[in-house]
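Asker: This is final-v5.txt, which holds compact mmCIF, C-alpha atoms:
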# COMPACT_ATOMS: atom_id res chain seq x y z
CA MET Y 1 1.44 -9.72 12.92
CA ALA Y 2 4.68 -10.39 12.17
CA ARG Y 3 7.46 -11.00 10.99
CA SER Y 4 10.85 -9.41 10.31
CA LYS Y 5 10.42 -6.85 13.06
CA LEU Y 6 12.92 -8.54 15.31
CA CYS Y 7 15.56 -7.37 17.75
CA GLY Y 8 19.20 -7.75 16.96
CA ALA Y 9 21.21 -4.59 16.38
CA VAL Y 10 21.74 -1.16 17.89
CA VAL Y 11 21.31 1.65 15.39
CA ALA Y 12 22.11 5.33 15.23
CA LEU Y 13 18.75 6.34 16.65
CA GLY Y 14 19.75 5.75 20.30
CA LEU Y 15 19.07 2.12 21.13
CA LEU Y 16 16.31 1.02 18.82
CA ALA Y 17 16.71 -2.67 18.04
CA TRP Y 18 15.28 -3.22 14.58
CA THR Y 19 17.13 -5.77 12.50
CA ALA Y 20 16.64 -9.47 11.84
CA PRO Y 21 17.58 -12.01 14.54
CA ALA Y 22 21.26 -12.27 15.40
CA ARG Y 23 23.06 -15.16 13.73
CA GLY Y 24 24.22 -17.83 16.13
CA GLN Y 25 21.66 -16.82 18.75
CA ASP Y 26 19.75 -19.84 20.04
CA ALA Y 27 15.98 -19.55 19.95
CA ILE Y 28 15.25 -23.06 21.19
CA LEU Y 29 17.13 -25.03 23.83
CA LYS Y 30 15.45 -28.40 23.29
CA THR Y 31 12.73 -29.52 20.90
CA ALA Y 32 10.23 -32.37 20.94
CA PRO Y 33 9.31 -34.23 17.72
CA GLY Y 34 5.77 -34.80 16.55
CA ASP Y 35 2.48 -32.92 16.26
CA PRO Y 36 2.22 -29.71 18.37
CA GLN Y 37 -1.59 -29.95 18.23
CA ILE Y 38 -2.11 -26.46 16.81
CA LYS Y 39 -5.78 -25.48 16.84
CA SER Y 40 -5.44 -22.09 15.13
CA ILE Y 41 -2.81 -19.92 13.45
CA GLU Y 42 -3.54 -16.35 14.52
CA ALA Y 43 -0.03 -14.88 14.58
CA LEU Y 44 3.14 -15.70 12.66
CA SER Y 45 6.71 -14.48 13.11
CA PHE Y 46 10.33 -15.64 13.14
CA ALA Y 47 13.10 -16.12 15.68
CA PRO Y 48 16.78 -16.81 14.82
CA GLN Y 49 17.90 -19.84 12.81
CA GLY Y 50 14.66 -20.13 10.89
CA VAL Y 51 12.54 -20.83 13.96
CA LEU Y 52 8.89 -20.16 13.19
CA LEU Y 53 6.75 -18.68 15.99
CA ILE Y 54 3.05 -19.50 15.81
CA GLY Y 55 0.41 -17.88 17.98
CA ASP Y 56 -2.40 -20.37 18.62
CA GLY Y 57 -5.16 -18.58 20.51
CA LYS Y 58 -7.63 -21.47 20.44
CA GLY Y 59 -4.96 -23.69 21.94
CA ALA Y 60 -3.80 -20.92 24.33
CA GLN Y 61 -0.21 -21.54 23.32
CA VAL Y 62 2.81 -20.28 21.43
CA VAL Y 63 4.54 -22.92 19.32
CA ALA Y 64 8.14 -22.53 18.14
CA VAL Y 65 9.01 -24.77 15.18
CA ALA Y 66 12.52 -25.52 13.92
CA THR Y 67 11.87 -25.25 10.17
CA GLY Y 68 15.44 -26.07 9.04
CA ASP Y 69 14.88 -23.37 6.40
CA THR Y 70 18.19 -21.52 6.74
CA THR Y 71 19.68 -21.42 3.21
CA PRO Y 72 19.37 -17.89 1.76
CA ARG Y 73 17.75 -17.54 -1.64
CA GLN Y 74 17.45 -14.25 -3.47
CA TRP Y 75 13.91 -13.05 -4.11
CA THR Y 76 13.88 -12.55 -7.88
CA ARG Y 77 10.18 -12.04 -8.69
CA PRO Y 78 8.99 -8.41 -8.36
CA GLU Y 79 5.35 -9.54 -8.63
CA VAL Y 80 3.29 -12.72 -8.45
CA ALA Y 81 -0.17 -12.13 -9.90
CA LYS Y 82 -3.18 -13.92 -8.41
CA ILE Y 83 -1.19 -15.14 -5.42
CA ASP Y 84 -4.35 -16.58 -3.87
CA GLU Y 85 -4.90 -18.80 -6.92
CA GLN Y 86 -1.33 -20.08 -6.75
CA LEU Y 87 -1.57 -20.88 -3.05
CA ALA Y 88 -5.02 -22.45 -3.43
CA GLY Y 89 -3.79 -24.64 -6.26
CA ARG Y 90 -1.27 -26.24 -3.91
CA LEU Y 91 -4.22 -27.33 -1.75
CA GLY Y 92 -6.35 -28.50 -4.67
CA THR Y 93 -8.92 -25.75 -4.37
CA THR Y 94 -9.74 -22.32 -5.85
CA ALA Y 95 -8.91 -18.80 -4.72
CA LYS Y 96 -12.37 -18.53 -3.15
CA GLY Y 97 -11.60 -21.67 -1.18
CA ILE Y 98 -8.88 -20.02 0.94
CA GLN Y 99 -8.25 -16.90 2.99
CA ILE Y 100 -4.74 -15.51 3.49
CA THR Y 101 -4.62 -14.49 7.15
CA ARG Y 102 -0.90 -13.85 7.82
CA LEU Y 103 2.38 -13.27 6.01
CA ALA Y 104 5.86 -13.62 7.52
CA VAL Y 105 9.26 -13.61 5.81
CA ASN Y 106 11.94 -15.92 7.19
CA PRO Y 107 15.05 -13.69 7.52
CA ALA Y 108 17.32 -16.75 7.41
CA SER Y 109 16.20 -17.77 3.91
CA GLY Y 110 13.99 -15.06 2.42
CA THR Y 111 11.14 -17.57 2.10
CA ALA Y 112 7.61 -16.21 2.50
CA TYR Y 113 5.33 -18.09 4.91
CA PHE Y 114 1.57 -17.67 4.54
CA ALA Y 115 -1.01 -18.60 7.15
CA VAL Y 116 -3.98 -19.78 5.08
CA ARG Y 117 -7.48 -20.74 6.21
CA LYS Y 118 -9.10 -23.45 4.08
CA MET Y 119 -12.71 -22.36 3.96
CA ASP Y 120 -14.45 -25.71 3.44
CA ASP Y 121 -13.22 -27.27 6.67
CA LYS Y 122 -11.97 -24.10 8.48
CA ARG Y 123 -8.46 -25.53 8.89
CA ASP Y 124 -5.46 -23.24 9.34
CA LEU Y 125 -2.43 -24.26 7.26
CA ILE Y 126 0.97 -22.84 6.34
CA LEU Y 127 2.12 -22.51 2.75
CA THR Y 128 5.49 -21.20 1.63
CA MET Y 129 6.89 -19.50 -1.46
CA ASP Y 130 10.61 -19.24 -2.08
CA GLY Y 131 12.45 -16.51 -3.96
CA GLY Y 132 11.95 -18.30 -7.25
CA GLY Y 133 8.18 -18.55 -6.84
CA LYS Y 134 7.88 -22.22 -5.87
CA VAL Y 135 4.93 -22.99 -3.57
CA ASN Y 136 5.00 -25.72 -0.92
CA GLU Y 137 2.97 -26.70 2.12
CA PHE Y 138 4.78 -26.56 5.45
CA ALA Y 139 3.11 -29.46 7.23
CA LEU Y 140 2.88 -29.29 11.03
CA GLU Y 141 1.98 -32.91 11.82
CA ASN Y 142 5.56 -34.03 12.45
CA VAL Y 143 7.95 -31.19 13.33
CA LYS Y 144 10.63 -30.40 15.88
CA HIS Y 145 8.95 -27.94 18.20
CA VAL Y 146 8.48 -26.35 21.60
CA ARG Y 147 5.01 -25.66 23.04
CA ILE Y 148 4.54 -22.83 25.54
CA LYS Y 149 1.20 -22.58 27.29
CA LEU Y 150 -0.15 -19.08 27.88
CA PRO Y 151 -1.68 -18.63 31.32
CA ALA Y 152 -3.95 -15.60 31.26
CA GLY Y 153 -4.61 -15.44 34.98
CA LYS Y 154 -8.32 -15.41 35.71
CA GLY Y 155 -9.19 -14.56 32.10
CA GLN Y 156 -9.44 -17.16 29.37
CA VAL Y 157 -7.31 -16.54 26.26
CA VAL Y 158 -9.55 -15.45 23.37
CA ARG Y 159 -6.89 -14.94 20.73
CA ILE Y 160 -3.26 -14.06 20.08
CA THR Y 161 -3.07 -10.93 17.98
CA ASP Y 162 0.71 -10.81 17.45
CA ILE Y 163 3.96 -12.45 18.47
CA VAL Y 164 7.52 -11.12 18.21
CA TRP Y 165 11.08 -12.16 18.96
CA GLY Y 166 12.61 -9.77 21.50
CA GLY Y 167 16.14 -11.18 21.75
CA ASP Y 168 16.13 -12.37 25.34
CA ARG Y 169 12.40 -13.12 25.29
CA VAL Y 170 9.41 -13.91 23.12
CA LEU Y 171 6.53 -11.46 23.44
CA ALA Y 172 2.93 -12.23 22.58
CA ALA Y 173 0.00 -9.81 22.49
CA VAL Y 174 -3.06 -11.61 23.85
CA GLN Y 175 -6.75 -10.82 24.29
CA ALA Y 176 -8.44 -12.46 27.27
CA LYS Y 177 -11.95 -12.57 28.77
CA ASP Y 178 -12.08 -10.10 31.65
CA THR Y 179 -11.92 -6.39 32.47
CA PHE Y 180 -8.16 -6.16 31.85
CA ALA Y 181 -8.50 -8.14 28.63
CA SER Y 182 -5.40 -6.81 26.89
CA ARG Y 183 -2.36 -8.88 27.90
CA ILE Y 184 1.34 -9.03 27.13
CA PHE Y 185 2.90 -12.46 27.60
CA SER Y 186 6.69 -12.62 27.99
CA VAL Y 187 8.81 -15.79 28.13
CA LYS Y 188 12.59 -15.91 28.42
CA THR Y 189 14.75 -17.46 25.73
CA PRO Y 190 16.12 -19.86 24.65
CA LEU Y 191 12.74 -21.57 24.69
CA THR Y 192 12.07 -24.87 26.44
CA GLY Y 193 8.92 -26.97 26.62
CA ASP Y 194 8.46 -26.29 30.32
CA ALA Y 195 8.87 -22.52 29.94
CA ARG Y 196 6.65 -20.31 32.06
CA GLY Y 197 6.47 -16.64 31.32
CA ALA Y 198 5.25 -13.44 32.90
CA VAL Y 199 1.81 -12.05 32.07
CA TYR Y 200 1.06 -8.33 32.18
CA SER Y 201 -2.25 -6.51 31.75
CA THR Y 202 -2.10 -3.30 29.72
CA GLN Y 203 -3.62 0.10 30.31
CA THR Y 204 -3.47 2.42 27.32
CA TYR Y 205 -4.45 6.02 26.63
CA HIS Y 206 -6.48 6.07 23.41
CA VAL Y 207 -6.09 9.61 22.13
CA ALA Y 208 -9.01 9.44 19.68
CA HIS Y 209 -11.31 8.19 22.48
CA GLY Y 210 -9.96 10.61 25.08
CA GLY Y 211 -9.52 8.02 27.81
CA TRP Y 212 -7.60 5.11 29.34
CA GLU Y 213 -8.64 1.64 28.19
CA THR Y 214 -7.85 -1.90 29.33
CA HIS Y 215 -9.97 -4.09 27.07
CA ALA Y 216 -8.82 -3.39 23.50
CA PRO Y 217 -5.91 -5.68 22.56
CA ILE Y 218 -2.66 -4.76 20.86
CA ARG Y 219 -3.20 -5.51 17.17
CA THR Y 220 0.41 -5.51 15.98
CA ALA Y 221 3.71 -5.07 17.81
CA ILE Y 222 7.47 -4.64 17.61
CA PRO Y 223 10.20 -4.99 20.28
CA TYR Y 224 12.10 -1.88 21.31
CA GLU Y 225 15.16 -1.15 23.44
CA GLN Y 226 16.07 2.30 24.80
CA ASP Y 227 18.90 3.17 27.19
CA GLY Y 228 19.32 -0.50 28.10
CA LYS Y 229 15.62 -1.03 28.91
CA LYS Y 230 13.24 -3.37 27.08
CA TYR Y 231 9.86 -2.31 25.73
CA LEU Y 232 7.06 -3.65 23.59
CA VAL Y 233 5.62 -1.16 21.13
CA GLY Y 234 2.04 -1.87 20.13
CA ALA Y 235 -0.60 -0.34 17.89
CA PHE Y 236 -4.30 -0.46 18.70
CA THR Y 237 -7.53 0.11 16.80
CA CYS Y 238 -8.19 3.85 16.26
CA THR Y 239 -4.87 3.99 16.11
CA PRO Y 240 -2.48 4.94 18.94
CA ILE Y 241 1.12 3.72 18.87
CA VAL Y 242 2.17 2.94 22.45
CA LYS Y 243 5.30 1.69 24.22
CA PHE Y 244 5.19 -0.50 27.33
CA ALA Y 245 8.17 -0.84 29.69
CA LEU Y 246 8.73 -4.47 30.68
CA ASP Y 247 11.96 -4.85 32.64
CA ASP Y 248 10.86 -3.59 36.05
CA LEU Y 249 7.44 -5.26 36.20
CA GLU Y 250 6.39 -8.12 38.41
CA PRO Y 251 4.35 -10.97 36.84
CA GLY Y 252 0.66 -10.20 36.99
CA ALA Y 253 1.27 -6.44 37.09
CA LYS Y 254 -0.68 -3.85 35.12
CA VAL Y 255 1.65 -2.03 32.72
CA LYS Y 256 0.68 1.53 31.82
CA GLY Y 257 1.68 2.51 28.31
CA GLN Y 258 3.03 5.73 26.87
CA THR Y 259 1.12 6.76 23.75
CA VAL Y 260 3.49 8.64 21.42
CA ILE Y 261 1.26 9.34 18.40
CA GLU Y 262 -2.34 9.01 17.26
CA VAL Y 263 -2.36 7.78 13.65
CA GLY Y 264 -6.10 8.26 13.22
CA PHE Y 265 -9.54 7.14 14.42
CA GLY Y 266 -11.49 4.60 12.42
CA ASN Y 267 -8.48 2.45 11.53
CA GLU Y 268 -7.35 -1.03 12.53
CA PRO Y 269 -3.59 -1.72 12.35
CA ARG Y 270 -2.57 -4.98 10.68
CA ASP Y 271 1.24 -5.31 10.34
CA MET Y 272 4.18 -3.29 11.59
CA PHE Y 273 7.97 -3.39 11.28
CA THR Y 274 10.95 -1.05 11.39
CA TYR Y 275 13.69 -0.30 8.88
CA ARG Y 276 16.56 2.11 8.17
CA LYS Y 277 16.75 4.50 5.24
CA GLY Y 278 18.77 7.65 4.68
CA GLY Y 279 20.32 7.44 8.13
CA ARG Y 280 16.94 7.39 9.87
CA THR Y 281 14.75 4.66 11.38
CA TYR Y 282 11.07 4.37 10.50
CA ILE Y 283 8.07 2.34 11.56
CA LEU Y 284 5.98 1.08 8.66
CA MET Y 285 2.43 0.12 9.61
CA SER Y 286 -0.40 -1.21 7.46
CA THR Y 287 -3.99 -0.45 8.46
CA TYR Y 288 -7.57 -1.05 7.43
CA ARG Y 289 -9.95 1.92 7.38
CA PHE Y 290 -13.47 1.27 8.64
CA PHE Y 291 -14.77 4.62 7.32
CA HIS Y 292 -13.26 4.37 3.85
CA LYS Y 293 -16.46 5.20 1.94
CA LYS Y 294 -17.29 8.12 4.22
CA ALA Y 295 -13.79 9.52 4.83
CA PRO Y 296 -11.13 7.78 2.70
CA VAL Y 297 -7.40 8.06 3.28
CA GLY Y 298 -6.67 6.86 -0.24
CA PRO Y 299 -8.16 4.83 -3.10
CA SER Y 300 -8.31 1.67 -0.95
CA PRO Y 301 -9.48 1.00 2.62
CA HIS Y 302 -6.09 -0.71 3.03
CA TRP Y 303 -3.38 1.91 3.50
CA VAL Y 304 0.10 2.22 5.00
CA VAL Y 305 1.68 4.91 7.17
CA ARG Y 306 5.37 5.66 7.73
CA VAL Y 307 6.14 6.93 11.24
CA ASP Y 308 9.37 8.54 12.45
CA ALA Y 309 10.68 6.00 15.00
CA ASP Y 310 12.38 8.79 16.95
CA LEU Y 311 8.93 9.49 18.42
CA LEU Y 312 9.47 6.46 20.65
CA ARG Y 313 12.03 8.46 22.60
CA GLU Y 314 9.44 11.09 23.45
CA THR Y 315 8.85 11.57 27.20
CA GLU Y 316 6.92 14.84 27.42
CA ASN Y 317 4.42 14.76 24.54
CA VAL Y 318 2.79 11.44 25.42
CA ASN Y 319 -0.71 10.21 26.27
CA THR Y 320 -2.96 13.30 26.54
CA LYS Y 321 -0.22 15.37 24.86
CA ALA Y 322 0.59 12.89 22.08
CA ILE Y 323 0.63 14.33 18.57
CA TRP Y 324 -2.06 13.55 15.99
CA ARG Y 325 -1.25 12.57 12.41
CA THR Y 326 -4.22 14.65 11.21
CA ASP Y 327 -6.75 17.10 12.54
CA LYS Y 328 -10.48 16.30 12.76
CA LYS Y 329 -10.89 17.20 9.08
CA LEU Y 330 -8.20 14.61 8.20
CA LYS Y 331 -5.70 17.28 7.21
CA PRO Y 332 -2.06 16.38 8.03
CA THR Y 333 -0.67 18.07 11.14
CA THR Y 334 2.86 16.61 11.13
CA ASP Y 335 5.49 15.31 8.72
CA ARG Y 336 6.53 12.62 11.24
CA ALA Y 337 3.73 10.28 10.11
CA THR Y 338 2.90 10.20 6.40
CA VAL Y 339 0.71 8.09 4.13
CA VAL Y 340 2.72 5.91 1.72
CA GLU Y 341 0.94 6.14 -1.63
CA THR Y 342 2.99 3.36 -3.25
CA PHE Y 343 1.61 0.93 -0.63
CA HIS Y 344 -2.11 1.58 -1.16
CA GLY Y 345 -4.07 -1.66 -1.18
CA VAL Y 346 -1.63 -3.62 1.01
CA THR Y 347 -3.47 -6.19 3.11
CA HIS Y 348 -0.43 -8.05 4.54
CA MET Y 349 3.25 -7.15 4.65
CA ASP Y 350 6.63 -7.96 6.13
CA ARG Y 351 10.15 -6.71 5.59
CA LEU Y 352 11.88 -8.72 2.87
CA ASP Y 353 15.38 -7.22 3.13
CA GLU Y 354 17.07 -3.88 3.82
CA ARG Y 355 15.54 -2.27 0.74
CA ARG Y 356 12.19 -3.99 0.16
CA ALA Y 357 8.97 -5.12 1.76
CA LEU Y 358 7.04 -8.18 0.62
CA VAL Y 359 3.32 -7.41 0.44
CA VAL Y 360 -0.01 -8.88 -0.53
CA ARG Y 361 -2.07 -6.14 -2.13
CA THR Y 362 -5.57 -5.94 -3.54
CA ASP Y 363 -6.94 -3.86 -6.41
CA GLU Y 364 -10.40 -2.38 -6.90
CA LYS Y 365 -11.65 -5.71 -8.32
CA GLY Y 366 -10.35 -7.75 -5.39
CA ASN Y 367 -7.46 -9.34 -7.30
CA LEU Y 368 -4.53 -10.24 -5.00
CA THR Y 369 -0.90 -9.73 -6.02
CA LEU Y 370 2.28 -10.58 -4.13
CA ALA Y 371 4.82 -7.81 -4.69
CA ALA Y 372 8.29 -6.78 -3.54
CA LEU Y 373 8.03 -3.01 -2.99
CA ALA Y 374 10.81 -0.53 -2.32
CA LEU Y 375 10.78 0.72 1.27
CA PRO Y 376 9.66 4.37 1.32
Output the file's structure as structure tokens, nothing else.
Answerer:
Amino acid sequence: MARSKLCGAVVALGLLAWTAPARGQDAILKTAPGDPQIKSIEALSFAPQGVLLIGDGKGAQVVAVATGDTTPRQWTRPEVAKIDEQLAGRLGTTAKGIQITRLAVNPASGTAYFAVRKMDDKRDLILTMDGGGKVNEFALENVKHVRIKLPAGKGQVVRITDIVWGGDRVLAAVQAKDTFASRIFSVKTPLTGDARGAVYSTQTYHVAHGGWETHAPIRTAIPYEQDGKKYLVGAFTCTPIVKFALDDLEPGAKVKGQTVIEVGFGNEPRDMFTYRKGGRTYILMSTYRFFHKKAPVGPSPHWVVRVDADLLRETENVNTKAIWRTDKKLKPTTDRATVVETFHGVTHMDRLDERRALVVRTDEKGNLTLAALALP
């Protein structure tokens, strides 16, 4: 979750905000030095000026860290083989001793930030790789930061599934422990340590399930603006893409989404961002297929779909009328959501620049490669 999917510019598609954070825009008003006491790193993204956003579900908080990483450096390596070995070596362990859980590219510098779980002691750490391939650890024990606690109402926060910069707010997708377990947390920017945001419960029509649901959390998200109104667009397991209007809601309200497309049952979305190509705007979303052996989408259970972002402007064909990417026999029914064959095997991804995505991909033997791939 992640990621260079940040608001900042109005494009030809109406009012879809899709680019990297606006330069000169303040993400943080005042920081505190020291250890932010992060208990987990479940979501990773970026705000302007190299500010790293960390979703810490175990600590029920969002932490914004001023990295100081704002000097651009061109990404010159098309591939880095055995990326897990290179990251593990920085920690003095082997590839089997770590798990890459998140990838986010800092738009201010082009540096890749990896959330890594060290398996022997179950610690979550952040490692970086710059455009020249140099690996470093980004230590969190003494950083300039802002901590924002996430009140979940009566439900305890279980985890933070994604976090995004929305220009005038930070938005976090949260899973809590109650009937309306799926939450959206919104806090106004610039961020301060005493910030208190609004919490919304979500109600979503899952096309593949044929019903409204409140428990399943948003897995990955992007901010969206249309006709001057702010939205969060989220993707759920089995795999509806849904937009939620935020501007007119009162804190504690239940926000009912508008499902605009069903990408396919049996899939879990992982990462999502938008980009422009050929005068059009697209959503690129990576997914994991549960039923790969029984009903594969491609050679790997990890696959990527490109969705026409103009679907987000749909008002009539939503929810029960939302289009399906395929029929029940997995045959394509539309050209507005297509499988990207060049991205098969992608487990993590983020937008690197206007032309490329940075991805971690796996092959049939489980080897992990970091690659800069052309946007489809």
Asker: Just checking: using all atoms listed in the file, which residue out of Y:Asp124, Y:Ser300, Y:Leu312, Y:Val307 ends up closest to Y:Tyr231?
Answerer: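 Closest to Y:Tyr231, using all atoms listed in the file: Y:Leu312.
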Asker: Considering all atoms listed in the file, give me a table of residues in stretch 152-244 of chain Y that are at most 10 Å from stretch 276-299 of chain Y, with the closest atom pair and distance in Å for each, as CSV.
Answerer:
residue,atom,partner,partner_atom,distance
Y:Thr220,CA,Y:Met285,CA,8.7
Y:Ala221,CA,Y:Met285,CA,9.8
Y:Ile222,CA,Y:Ile283,CA,9.3
Y:Ala235,CA,Y:Met285,CA,8.8
Y:Thr237,CA,Y:Thr287,CA,9.1
Y:Cys238,CA,Y:Arg289,CA,9.3
Y:Thr239,CA,Y:Thr287,CA,8.9
Asker: Of the candidates Y:Ile54, Y:Val339, Y:Val263, Y:Val233, which one gets nearest to Y:Gly166 if we count all atoms listed in the file?
Answerer: Y:Val233
Asker: Report, in Å with one decimal, the straight-line distance from atom CA of Y:Ile126 to atom CA of Y:Ala139.
Answerer: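 Atom CA of Y:Ala139 lies 7.0 Å from atom CA of Y:Ile126.
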Asker: In terms of the shortest atom-to-atom distance over only C-alpha atoms, which of Y:Pro269, Y:Gly257, Y:Pro48, Y:Pro72 is closest to Y:Arg169?
Answerer: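 Of Y:Pro269, Y:Gly257, Y:Pro48, Y:Pro72, the one nearest Y:Arg169 is Y:Pro48, counting only C-alpha atoms.
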Asker: Which residues are close to Y:Arg219, i.e. within 9 Å by all atoms listed in the file, leaving aside same-chain residues fewer than 4 positions away? Reply as a PyMOL selection string.
Answerer: chain Y and resi 1+161-162+173+234-237+268-271
Asker: Work out how far atom CA of Y:Lys122 is from atom CA of Y:Gly50, in Å to one decimal.
Answerer: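 Atom-to-atom, atom CA of Y:Gly50 to atom CA of Y:Lys122, that is 27.0 Å.
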Asker: Please list as an MDAnalysis selection string every residue within 10 Å of Y:Phe244, counting all atoms listed in the file and excluding residues in the same chain fewer than 2 positions away.
Answerer: chainID Y and resid 184 202:204 223:224 230:234 242 246:247 255:259
Asker: Between Y:Val260, Y:Ala64, Y:Leu191, Y:Ala172, single out the one closest to Y:Lys30, counting only C-alpha atoms.
Answerer: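 When distances to Y:Lys30 are compared using only C-alpha atoms, the smallest one comes from Y:Leu191.
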Asker: List every protein, DNA or RNA residue that has at least one atom no more than 10 Å from (15.6, -23.3, 12.3) in the file's coordinates, counting only C-alpha atoms, and write the result as an NGL selection string.
Answerer: :Y and (26-28 or 46-52 or 64-70 or 106 or 108 or 144)
Asker: Calculate how many Å separate atom CA of Y:Ala372 from atom CA of Y:Arg77, rounding to one decimal.
Answerer: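 If I compute the distance from atom CA of Y:Ala372 to atom CA of Y:Arg77, I get 7.6 Å.
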Asker: Taking into account only C-alpha atoms, which residue in the set Y:Ala181, Y:Ala371, Y:Val304, Y:Leu87 is nearest to Y:Asn136?
Answerer: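 Selected residue with least distance to Y:Asn136: Y:Leu87.
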Asker: Identify which of the residues Y:Glu225, Y:Ala253, Y:Val158, Y:Met129 lies closest to Y:Tyr200, counting all atoms listed in the file when measuring atom-to-atom distances.
Answerer: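 Looking only at the distances to Y:Tyr200, the closest residue turns out to be Y:Ala253.
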Asker: Quick one: residues within 12 Å of (-11.0, -28.2, 5.4) (file frame), counting only C-alpha atoms, please, as an MDAnalysis selection string.
Answerer: chainID Y and resid 91:93 97:99 116:125
Asker: Tell me which protein, DNA and RNA residues are within 10 Å of Y:Arg336, counting all atoms listed in the file, leaving out same-chain ones fewer than 5 positions away, and put them as a VMD selection string.
Answerer: chain Y and resid 261 282 305 to 311 323 to 325
Asker: Would you compute an axis-aligned box for stretch 244-256 of chain Y, covering every atom listed for it in the file with 6 Å of margin on each side, and report centre and edge lengths in Å to one decimal as lines of an AutoDock Vina configuration file?
Answerer:
center_x = 5.6
center_y = -4.7
center_z = 32.9
size_x = 24.6
size_y = 24.5
size_z = 23.1
Asker: Please provide as a VMD selection string all residues within 10 Å of stretch 347-353 of chain Y, with the sequence filter that same-chain residues fewer than 3 positions apart are discarded (counting only C-alpha atoms).
Answerer: chain Y and resid 1 to 5 19 to 20 45 74 to 75 100 to 107 110 to 112 114 270 to 275 284 to 288 301 to 304 343 to 344 356 to 362 368 370 to 375
Asker: Just want the 10 Å neighbourhood of Y:Ala32, counted on all atoms listed in the file, with same-chain residues fewer than 4 positions away dropped. Output as a VMD selection string.
Answerer: chain Y and resid 36 65 142 to 147 192 to 193
